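Data file: data01.tsv. Format and content: TSV, C-alpha atoms and all ligand atoms.
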```tsv
chain	number	residue	atom	x	y	z
N	17	MET	CA	315.89	10.52	1.60
N	18	GLU	CA	313.74	8.37	3.83
N	19	VAL	CA	312.28	10.06	6.85
N	20	ALA	CA	313.25	8.45	10.12
N	21	ASN	CA	310.61	7.72	12.76
N	22	GLY	CA	308.03	9.70	10.85
N	23	VAL	CA	309.73	12.95	11.80
N	24	ILE	CA	310.30	15.40	9.02
N	25	ALA	CA	313.90	16.52	8.94
N	26	LYS	CA	313.23	19.96	7.54
N	27	PRO	CA	310.15	22.09	6.85
N	28	TYR	CA	308.43	21.02	3.68
N	29	GLN	CA	307.85	23.14	0.66
N	30	ASN	CA	304.11	23.14	0.99
N	31	GLY	CA	304.40	24.99	4.21
N	32	ILE	CA	302.63	24.78	7.51
N	33	SER	CA	305.74	24.62	9.61
N	34	SER	CA	303.25	24.78	12.46
N	35	LEU	CA	301.96	21.41	11.25
N	36	LYS	CA	305.44	19.90	11.16
N	37	SER	CA	303.83	16.64	11.65
N	38	GLU	CA	305.40	14.67	14.44
N	39	ASN	CA	302.90	11.93	13.60
N	40	VAL	CA	302.99	12.18	9.86
N	41	LYS	CA	304.87	9.41	8.13
N	42	TRP	CA	306.03	10.35	4.67
N	43	LYS	CA	307.68	7.87	2.37
N	44	SER	CA	310.28	10.31	1.19
N	45	GLU	CA	311.02	13.99	1.22
N	46	LYS	CA	310.79	14.01	-2.56
N	47	LYS	CA	307.20	12.85	-2.36
N	48	LEU	CA	306.54	15.48	0.25
N	49	GLU	CA	307.99	18.33	-1.73
N	50	SER	CA	306.09	17.49	-4.88
N	51	LEU	CA	302.63	17.63	-3.28
N	52	PRO	CA	300.40	20.14	-5.05
N	53	ARG	CA	299.60	23.38	-3.26
N	54	PRO	CA	296.30	23.19	-1.33
N	55	ILE	CA	293.29	24.96	-2.83
N	56	ALA	CA	291.30	27.50	-0.80
N	57	VAL	CA	287.86	28.26	-2.22
N	58	CYS	CA	286.06	31.43	-1.18
N	59	GLY	CA	282.93	33.22	-2.31
N	60	PRO	CA	279.67	34.63	-0.99
N	61	SER	CA	277.36	32.24	0.78
N	62	GLY	CA	275.09	30.88	-1.97
N	63	SER	CA	277.59	31.36	-4.80
N	64	GLY	CA	277.81	27.61	-5.38
N	65	LYS	CA	281.05	26.58	-3.66
N	66	SER	CA	279.61	23.41	-2.09
N	67	THR	CA	277.82	22.42	-5.29
N	68	LEU	CA	280.99	22.69	-7.36
N	69	LEU	CA	283.29	21.16	-4.75
N	70	LYS	CA	281.05	18.19	-3.96
N	71	ARG	CA	280.99	17.29	-7.63
N	72	PHE	CA	284.75	17.66	-8.00
N	73	LEU	CA	285.42	15.68	-4.82
N	74	ALA	CA	283.14	12.86	-5.99
N	75	GLU	CA	284.75	12.73	-9.43
N	76	TYR	CA	288.33	12.73	-8.13
N	77	LYS	CA	287.92	11.12	-4.72
N	78	ASP	CA	291.12	9.10	-5.04
N	79	TYR	CA	293.23	12.24	-5.40
N	80	VAL	CA	291.41	15.00	-3.56
N	81	ASP	CA	290.10	15.49	-0.06
N	82	PHE	CA	288.09	18.19	1.64
N	83	SER	CA	289.33	19.81	4.81
N	84	ILE	CA	286.35	19.49	7.13
N	85	SER	CA	286.01	22.71	9.09
N	86	HIS	CA	284.68	23.22	12.58
N	87	THR	CA	281.72	25.51	13.13
N	88	THR	CA	279.50	26.65	15.96
N	89	ARG	CA	276.58	26.96	13.51
N	90	LYS	CA	273.71	24.50	13.87
N	91	PRO	CA	273.59	21.75	11.23
N	92	ARG	CA	271.13	22.14	8.35
N	93	PRO	CA	268.72	19.20	7.89
N	94	ASN	CA	270.81	17.57	5.14
N	95	GLU	CA	274.18	18.09	6.83
N	96	ILE	CA	276.15	15.33	8.52
N	97	ASP	CA	278.42	15.95	11.49
N	98	GLY	CA	281.98	14.96	10.59
N	99	LYS	CA	281.26	15.12	6.86
N	100	ASP	CA	280.02	18.62	6.07
N	101	TYR	CA	281.44	20.17	9.24
N	102	HIS	CA	282.45	19.24	12.74
N	103	PHE	CA	279.59	20.91	14.60
N	104	VAL	CA	280.78	22.11	18.01
N	105	SER	CA	279.71	24.42	20.80
N	106	ARG	CA	281.13	27.94	20.97
N	107	GLU	CA	282.75	27.05	24.29
N	108	ASP	CA	284.61	24.05	22.85
N	109	MET	CA	285.62	26.00	19.75
N	110	GLU	CA	287.00	28.89	21.79
N	111	LYS	CA	288.97	26.47	23.96
N	112	ALA	CA	290.43	24.71	20.94
N	113	ILE	CA	291.38	28.04	19.35
N	114	ALA	CA	293.07	29.16	22.57
N	115	ASN	CA	294.86	25.83	22.56
N	116	GLY	CA	296.40	26.60	19.17
N	117	GLU	CA	294.54	23.86	17.33
N	118	PHE	CA	293.41	26.04	14.43
N	119	LEU	CA	295.26	27.17	11.34
N	120	GLU	CA	292.73	29.96	10.85
N	121	HIS	CA	289.31	30.91	12.17
N	122	ALA	CA	286.76	33.66	11.65
N	123	GLU	CA	283.42	34.92	12.86
N	124	PHE	CA	280.77	34.75	10.13
N	125	SER	CA	277.09	35.56	10.47
N	126	GLY	CA	277.12	35.08	14.24
N	127	ASN	CA	279.13	31.86	14.29
N	128	ILE	CA	282.77	30.82	14.41
N	129	TYR	CA	284.23	28.78	11.56
N	130	GLY	CA	287.75	27.40	11.47
N	131	THR	CA	290.22	25.07	9.82
N	132	SER	CA	291.91	22.78	12.31
N	133	LYS	CA	295.58	22.01	11.80
N	134	ASN	CA	294.67	18.36	12.12
N	135	ALA	CA	292.16	18.43	9.25
N	136	VAL	CA	294.78	19.70	6.83
N	137	LYS	CA	297.54	17.52	8.23
N	138	GLN	CA	295.56	14.32	7.67
N	139	ILE	CA	294.98	15.14	4.01
N	140	LEU	CA	298.61	16.06	3.33
N	141	LYS	CA	299.68	12.91	5.11
N	142	ASN	CA	297.62	10.89	2.64
N	143	GLY	CA	299.33	12.69	-0.24
N	144	LYS	CA	296.09	14.14	-1.60
N	145	LEU	CA	295.16	17.54	-2.96
N	146	CYS	CA	293.72	19.43	0.00
N	147	ILE	CA	290.67	21.63	-0.64
N	148	LEU	CA	289.46	24.21	1.88
N	149	ASP	CA	286.25	26.28	1.87
N	150	VAL	CA	286.86	29.55	3.71
N	151	GLU	CA	285.31	32.99	3.83
N	152	MET	CA	287.21	36.24	3.27
N	153	VAL	CA	288.84	36.64	6.70
N	154	GLY	CA	289.98	33.03	6.44
N	155	VAL	CA	291.59	33.79	3.08
N	156	LYS	CA	293.40	36.77	4.54
N	157	ASN	CA	294.60	34.70	7.50
N	158	LEU	CA	295.70	31.78	5.32
N	159	LYS	CA	297.83	34.23	3.32
N	160	LYS	CA	299.77	34.87	6.56
N	161	THR	CA	300.53	31.16	7.12
N	162	ASP	CA	303.03	29.11	5.17
N	163	LEU	CA	300.34	26.76	3.83
N	164	ASN	CA	300.74	28.60	0.50
N	165	PRO	CA	297.42	27.60	-1.11
N	166	LYS	CA	296.09	28.68	-4.47
N	167	PHE	CA	292.96	30.81	-4.03
N	168	ILE	CA	289.73	30.49	-6.02
N	169	PHE	CA	286.87	32.98	-5.76
N	170	VAL	CA	283.38	31.82	-6.78
N	171	LYS	CA	280.63	34.34	-7.49
N	172	THR	CA	277.23	34.55	-9.14
N	173	PRO	CA	276.63	36.78	-12.18
N	174	SER	CA	274.94	39.36	-9.92
N	175	ILE	CA	273.90	40.01	-6.32
N	176	GLU	CA	270.26	39.52	-7.37
N	177	VAL	CA	271.04	36.01	-8.60
N	178	LEU	CA	272.89	35.36	-5.34
N	179	GLU	CA	269.87	36.40	-3.29
N	180	GLU	CA	267.55	34.30	-5.42
N	181	ARG	CA	269.75	31.20	-5.02
N	182	LEU	CA	270.12	31.72	-1.29
N	183	ARG	CA	266.35	32.12	-0.91
N	184	ASN	CA	265.66	29.07	-3.07
N	185	ARG	CA	268.12	27.02	-1.03
N	186	ASN	CA	265.73	27.58	1.82
N	187	THR	CA	268.29	27.10	4.57
N	188	GLU	CA	268.48	30.57	6.12
N	189	SER	CA	266.21	32.66	8.30
N	190	GLU	CA	265.55	36.16	6.95
N	191	GLU	CA	268.05	37.53	9.48
N	192	SER	CA	270.77	35.09	8.47
N	193	LEU	CA	270.05	35.75	4.80
N	194	GLN	CA	270.44	39.50	5.25
N	195	LYS	CA	273.73	39.03	7.16
N	196	ARG	CA	275.04	36.83	4.38
N	197	LEU	CA	274.05	39.32	1.67
N	198	ALA	CA	275.69	42.18	3.58
N	199	ARG	CA	278.86	40.16	3.92
N	200	ALA	CA	278.67	39.17	0.25
N	201	LYS	CA	279.00	42.81	-0.77
N	202	GLU	CA	282.33	43.10	1.10
N	203	GLU	CA	283.49	39.74	-0.24
N	204	LEU	CA	282.70	40.76	-3.82
N	205	VAL	CA	284.94	43.83	-3.47
N	206	TYR	CA	287.75	41.69	-2.08
N	207	GLY	CA	287.17	38.99	-4.73
N	208	GLY	CA	287.25	41.57	-7.50
N	209	THR	CA	290.55	43.09	-6.36
N	210	PRO	CA	293.32	42.05	-8.76
N	211	GLY	CA	295.93	39.79	-7.17
N	212	ASN	CA	293.76	38.44	-4.36
N	213	PHE	CA	292.74	35.25	-6.20
N	214	ASP	CA	294.38	32.93	-8.70
N	215	LEU	CA	291.04	32.14	-10.35
N	216	VAL	CA	287.70	33.97	-10.32
N	217	LEU	CA	284.83	31.70	-11.36
N	218	VAL	CA	281.49	33.18	-12.36
N	219	ASN	CA	278.99	30.45	-11.53
N	220	ASP	CA	276.27	31.29	-14.04
N	221	ASP	CA	275.80	28.09	-16.02
N	222	LEU	CA	276.82	25.28	-13.65
N	223	GLU	CA	278.32	23.07	-16.37
N	224	GLU	CA	280.53	25.89	-17.63
N	225	ALA	CA	281.65	26.85	-14.11
N	226	TYR	CA	282.48	23.23	-13.36
N	227	ARG	CA	284.42	22.95	-16.62
N	228	GLN	CA	286.51	25.98	-15.67
N	229	LEU	CA	287.12	24.62	-12.18
N	230	LYS	CA	288.31	21.32	-13.63
N	231	GLU	CA	290.52	23.04	-16.16
N	232	PHE	CA	292.24	24.90	-13.32
N	233	LEU	CA	292.68	21.86	-11.07
N	234	LEU	CA	293.39	19.07	-13.54
N	235	PRO	CA	297.16	19.72	-13.85
N	236	ASP	CA	297.42	19.05	-10.10
N	237	ILE	CA	295.37	15.87	-10.44
N	238	GLU	CA	297.52	14.69	-13.35
N	239	GLY	CA	300.64	15.34	-11.24
N	240	LEU	CA	299.22	13.27	-8.39
N	241	LYS	CA	298.29	10.43	-10.75
N	242	ARG	CA	301.83	10.36	-12.16
N	243	ARG	CA	303.29	10.23	-8.69
N	244	MET	CA	300.94	7.51	-7.50
N	245	TYR	CA	301.59	5.21	-10.43
N	246	HIS	CA	305.34	5.69	-10.89
V	1	LIG	P1	277.60	27.89	-1.19
V	1	LIG	O1	278.21	26.56	-0.85
V	1	LIG	O2	278.55	28.78	-1.89
V	1	LIG	O3	276.93	28.56	-0.04
V	1	LIG	P2	275.66	26.27	-2.65
V	1	LIG	O4	276.53	25.30	-3.36
V	1	LIG	O5	274.90	25.79	-1.47
V	1	LIG	O6	276.46	27.61	-2.28
V	1	LIG	O7	274.67	26.85	-3.75
V	1	LIG	C1	273.60	27.72	-3.38
V	1	LIG	C2	272.33	27.28	-4.09
V	1	LIG	O8	272.46	27.57	-5.48
V	1	LIG	C3	272.05	25.80	-3.97
V	1	LIG	O9	270.66	25.62	-3.80
V	1	LIG	C4	272.53	25.23	-5.31
V	1	LIG	O10	271.80	24.08	-5.68
V	1	LIG	C5	272.26	26.39	-6.26
V	1	LIG	N1	273.19	26.50	-7.38
V	1	LIG	C6	274.53	26.33	-7.36
V	1	LIG	N2	275.06	26.59	-8.59
V	1	LIG	C7	274.04	26.93	-9.38
V	1	LIG	C8	273.94	27.33	-10.78
V	1	LIG	N3	275.02	27.41	-11.56
V	1	LIG	N4	272.73	27.62	-11.26
V	1	LIG	C9	271.62	27.56	-10.47
V	1	LIG	N5	271.64	27.20	-9.17
V	1	LIG	C10	272.83	26.90	-8.62
V	2	LIG	P1	277.87	28.15	5.72
V	2	LIG	O1	277.27	28.50	7.04
V	2	LIG	O2	277.03	28.68	4.56
V	2	LIG	O3	278.18	26.68	5.60
V	2	LIG	O4	279.27	28.88	5.61
V	2	LIG	C1	279.37	30.25	5.83
V	2	LIG	C2	280.73	30.73	5.38
V	2	LIG	O5	281.74	30.15	6.19
V	2	LIG	C3	281.08	30.39	3.93
V	2	LIG	O6	281.51	31.59	3.30
V	2	LIG	C4	282.23	29.42	4.04
V	2	LIG	O7	283.16	29.60	3.00
V	2	LIG	C5	282.84	29.82	5.35
V	2	LIG	N1	283.63	28.77	5.99
V	2	LIG	C6	283.39	27.45	6.04
V	2	LIG	N2	284.36	26.82	6.72
V	2	LIG	C7	285.25	27.77	7.08
V	2	LIG	C8	286.49	27.74	7.79
V	2	LIG	O8	287.00	26.72	8.22
V	2	LIG	N3	287.11	28.92	7.98
V	2	LIG	C9	286.61	30.09	7.54
V	2	LIG	N4	287.30	31.20	7.77
V	2	LIG	N5	285.45	30.15	6.86
V	2	LIG	C10	284.78	29.01	6.64
```

How does the structure come out when it is put into structure tokens?
Amino acid sequence: MEVANGVIAKPYQNGISSLKSENVKWKSEKKLESLPRPIAVCGPSGSGKSTLLKRFLAEYKDYVDFSISHTTRKPRPNEIDGKDYHFVSREDMEKAIANGEFLEHAEFSGNIYGTSKNAVKQILKNGKLCILDVEMVGVKNLKKTDLNPKFIFVKTPSIEVLEERLRNRNTESEESLQKRLARAKEELVYGGTPGNFDLVLVNDDLEEAYRQLKEFLLPDIEGLKRRMYH
């Protein structure tokens, strides 16, 4: 059934009734309903989420898109506003949250991070697999929405390896590093609790972790390819 005036007649299977996209034009409800479930990736800071996701996003850029979060954290030297994050002031972020613009948000290491409804909506509108990078509170909050993502937890083989990688990344002050390690301990308990995640990836050897990530996500990519070409 074609959708009139870009207005969706009924809530779509993938959820986010709150995103019931007045401005989203879908070709058909069938197309809408067969979109793969979004993917929410979580894991301690330094576990390798960005490394794995950047590679996957580059390899499958025609089918996958990254939900660019907002944060009140300052950009790192290699980060680009609007690509890695939307970097905003705390005041603007709090206003936008109060305005209902966020699907989820959380305080992490002294800053607010959040997924805007718009970021996700744009990706779903383009019919791509939507990938989110969220910390533990974000995961818990997403579970309360009707976005219905699959959840992946990424961890290092040990907390010592995590600390070493975070230190070698050379992006954090000692204070920020300690906050992240403290939070990592909580996240590891949550990540290790059966039922919380659909996939737990131990990022020891990068090639092997990437292979496992691809194995998990490729059925969704194949489904998208079939839909795009038929
Ligand atoms: P996150 O996005 O989870 O905070 P990053 O992707 O920034 O983590 O990875 C943290 C650091 O560890 C980076 O310097 C990255 O290059 C490095 N790294 C990622 N995966 C591996 C791996 N399998 N082996 C060694 N170093 C890694
Ligand atoms: P970093 O400062 O290292 O980029 O990110 C810190 C933490 O914030 C990471 O665990 C990352 O997963 C998380 N994060 C990034 N974007 C979001 C978001 O939109 N929502 C939530 N809840 N967490 C996020």

Contacts with ligand LIG 2 (chain V) at most 10 Å, all atoms listed in the file counted, listed as a ChimeraX atom specification: /N:56-63,65-66,83-92,95,100-102,118-132,135,148-158,182,187-188,192-193,196,199-200,203

Counting all atoms listed in the file, figure out which residue out of N:Lys133, N:Gly207, N:Val218, N:Arg181 gets nearest to Gly116 (chain N).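 With all atoms listed in the file as the atom set, the closest residue is N:Lys133.
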
Tell me which of N:Glu202, N:Glu231, N:Glu117, N:Glu180 sits closest to ligand LIG 1 (chain V), counting only C-alpha atoms and all ligand atoms. N:Glu180

Would you compute the distance between CA of Arg106 (chain N) and CA of Lys141 (chain N)? Give it in Å to one decimal.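 Spanning CA of Arg106 (chain N) to CA of Lys141 (chain N) is a straight-line distance of 28.7 Å.
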
I'd like the interatomic distance between CA of Ile168 (chain N) and atom O5 of ligand LIG 1 (chain V), to a tenth of an Å.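 Interatomic distance here is 16.2 Å.
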
Within 9 Å of Ile147 (chain N), counting only C-alpha atoms, which residues show up once you throw out same-chain ones fewer than 4 positions away? Write them as a PyMOL selection string, please. chain N and resi 54-57+69+73+80-83+136

With a cut-off of 10 Å, could you pull out the residues of region 108-202 of chain N touching region 220-226 of chain N and give me the nearest pair of atoms for each, distance in Å to one decimal, using only C-alpha atoms, ordered by chain and ascending number, as a Markdown table?
```
| residue | atom | partner | partner_atom | distance |
| --- | --- | --- | --- | --- |
| N:Val170 | CA | N:Ala225 | CA | 9.0 |
| N:Lys171 | CA | N:Asp220 | CA | 8.4 |
| N:Thr172 | CA | N:Asp220 | CA | 6.0 |
| N:Pro173 | CA | N:Asp220 | CA | 5.8 |
| N:Ser174 | CA | N:Asp220 | CA | 9.2 |
| N:Val177 | CA | N:Asp220 | CA | 8.9 |
```

I need the residue nearest ligand LIG 1 (chain V) from this list: N:Leu140, N:Leu51, N:Leu68, N:Ala74. Use all atoms listed in the file for the distance.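 Answer, going by the shortest atom-to-atom distance: N:Leu68.
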
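Take CA of Val104 (chain N) and CA of Gln194 (chain N): the distance between them is 23.9 Å.
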
Which of these residues is nearest to ligand LIG 1 (chain V), using all atoms listed in the file: N:Lys99, N:Lys160, N:Arg185, N:Arg71?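 Smallest separation from ligand LIG 1 (chain V) among the options: N:Arg185.
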
Residue nearest ligand LIG 1 (chain V) among N:Leu215, N:Leu204, N:Ile237, N:Leu178 (counting all atoms listed in the file):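 Once distances to ligand LIG 1 (chain V) are computed over all atoms listed in the file, the minimum belongs to N:Leu178.
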
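The smallest atom-to-atom distance between ligand LIG 1 (chain V) and any of N:Lys111, N:Arg227, N:Lys77, N:Lys137, using all atoms listed in the file, is found for N:Arg227.
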
Where atoms are absent from region 66-91 of chain N, fill them in so it carries N, CA and C atoms, then output it as a compact mmCIF listing (two decimals), keeping the file's coordinate frame.
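Generated file (rebuild-v1.txt):
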```
# COMPACT_ATOMS: atom_id res chain seq x y z
N SER N 66 279.85 24.82 -2.48
CA SER N 66 279.61 23.41 -2.09
C SER N 66 279.18 22.59 -3.29
N THR N 67 278.32 23.15 -4.12
CA THR N 67 277.82 22.42 -5.29
C THR N 67 278.98 22.01 -6.19
N LEU N 68 279.87 22.97 -6.47
CA LEU N 68 280.99 22.69 -7.36
C LEU N 68 281.98 21.73 -6.70
N LEU N 69 282.27 21.98 -5.43
CA LEU N 69 283.29 21.16 -4.75
C LEU N 69 282.82 19.73 -4.54
N LYS N 70 281.54 19.57 -4.19
CA LYS N 70 281.05 18.19 -3.96
C LYS N 70 281.20 17.37 -5.23
N ARG N 71 280.89 18.00 -6.36
CA ARG N 71 280.99 17.29 -7.63
C ARG N 71 282.46 16.94 -7.94
N PHE N 72 283.33 17.89 -7.72
CA PHE N 72 284.75 17.66 -8.00
C PHE N 72 285.30 16.57 -7.07
N LEU N 73 284.92 16.65 -5.81
CA LEU N 73 285.42 15.68 -4.82
C LEU N 73 284.91 14.27 -5.15
N ALA N 74 283.68 14.18 -5.64
CA ALA N 74 283.14 12.86 -5.99
C ALA N 74 283.85 12.31 -7.22
N GLU N 75 284.12 13.19 -8.18
CA GLU N 75 284.75 12.73 -9.43
C GLU N 75 286.21 12.32 -9.23
N TYR N 76 286.89 13.00 -8.31
CA TYR N 76 288.33 12.73 -8.13
C TYR N 76 288.65 12.28 -6.71
N LYS N 77 287.78 11.45 -6.16
CA LYS N 77 287.92 11.12 -4.72
C LYS N 77 289.23 10.42 -4.37
N ASP N 78 289.86 9.77 -5.34
CA ASP N 78 291.12 9.10 -5.04
C ASP N 78 292.30 10.07 -4.89
N TYR N 79 292.11 11.29 -5.37
CA TYR N 79 293.23 12.24 -5.40
C TYR N 79 293.01 13.50 -4.56
N VAL N 80 291.77 13.72 -4.17
CA VAL N 80 291.41 15.00 -3.56
C VAL N 80 290.66 14.75 -2.26
N ASP N 81 290.89 15.60 -1.29
CA ASP N 81 290.10 15.49 -0.06
C ASP N 81 289.73 16.87 0.45
N PHE N 82 288.63 16.93 1.16
CA PHE N 82 288.09 18.19 1.64
C PHE N 82 288.47 18.37 3.11
N SER N 83 288.99 19.53 3.42
CA SER N 83 289.33 19.81 4.81
C SER N 83 288.03 20.16 5.54
N ILE N 84 287.63 19.29 6.43
CA ILE N 84 286.35 19.49 7.13
C ILE N 84 286.56 20.50 8.25
N SER N 85 285.87 21.62 8.12
CA SER N 85 286.01 22.71 9.09
C SER N 85 285.21 22.43 10.36
N HIS N 86 285.51 23.20 11.38
CA HIS N 86 284.68 23.22 12.58
C HIS N 86 283.78 24.45 12.51
N THR N 87 282.58 24.32 13.03
CA THR N 87 281.72 25.51 13.13
C THR N 87 280.83 25.42 14.36
N THR N 88 280.46 26.60 14.85
CA THR N 88 279.50 26.65 15.96
C THR N 88 278.07 26.80 15.43
N ARG N 89 277.94 26.87 14.08
CA ARG N 89 276.58 26.96 13.51
C ARG N 89 275.85 25.63 13.69
N LYS N 90 274.52 25.72 13.76
CA LYS N 90 273.71 24.50 13.87
C LYS N 90 273.67 23.80 12.51
N PRO N 91 273.65 22.46 12.52
CA PRO N 91 273.59 21.75 11.23
C PRO N 91 272.28 22.02 10.49
```
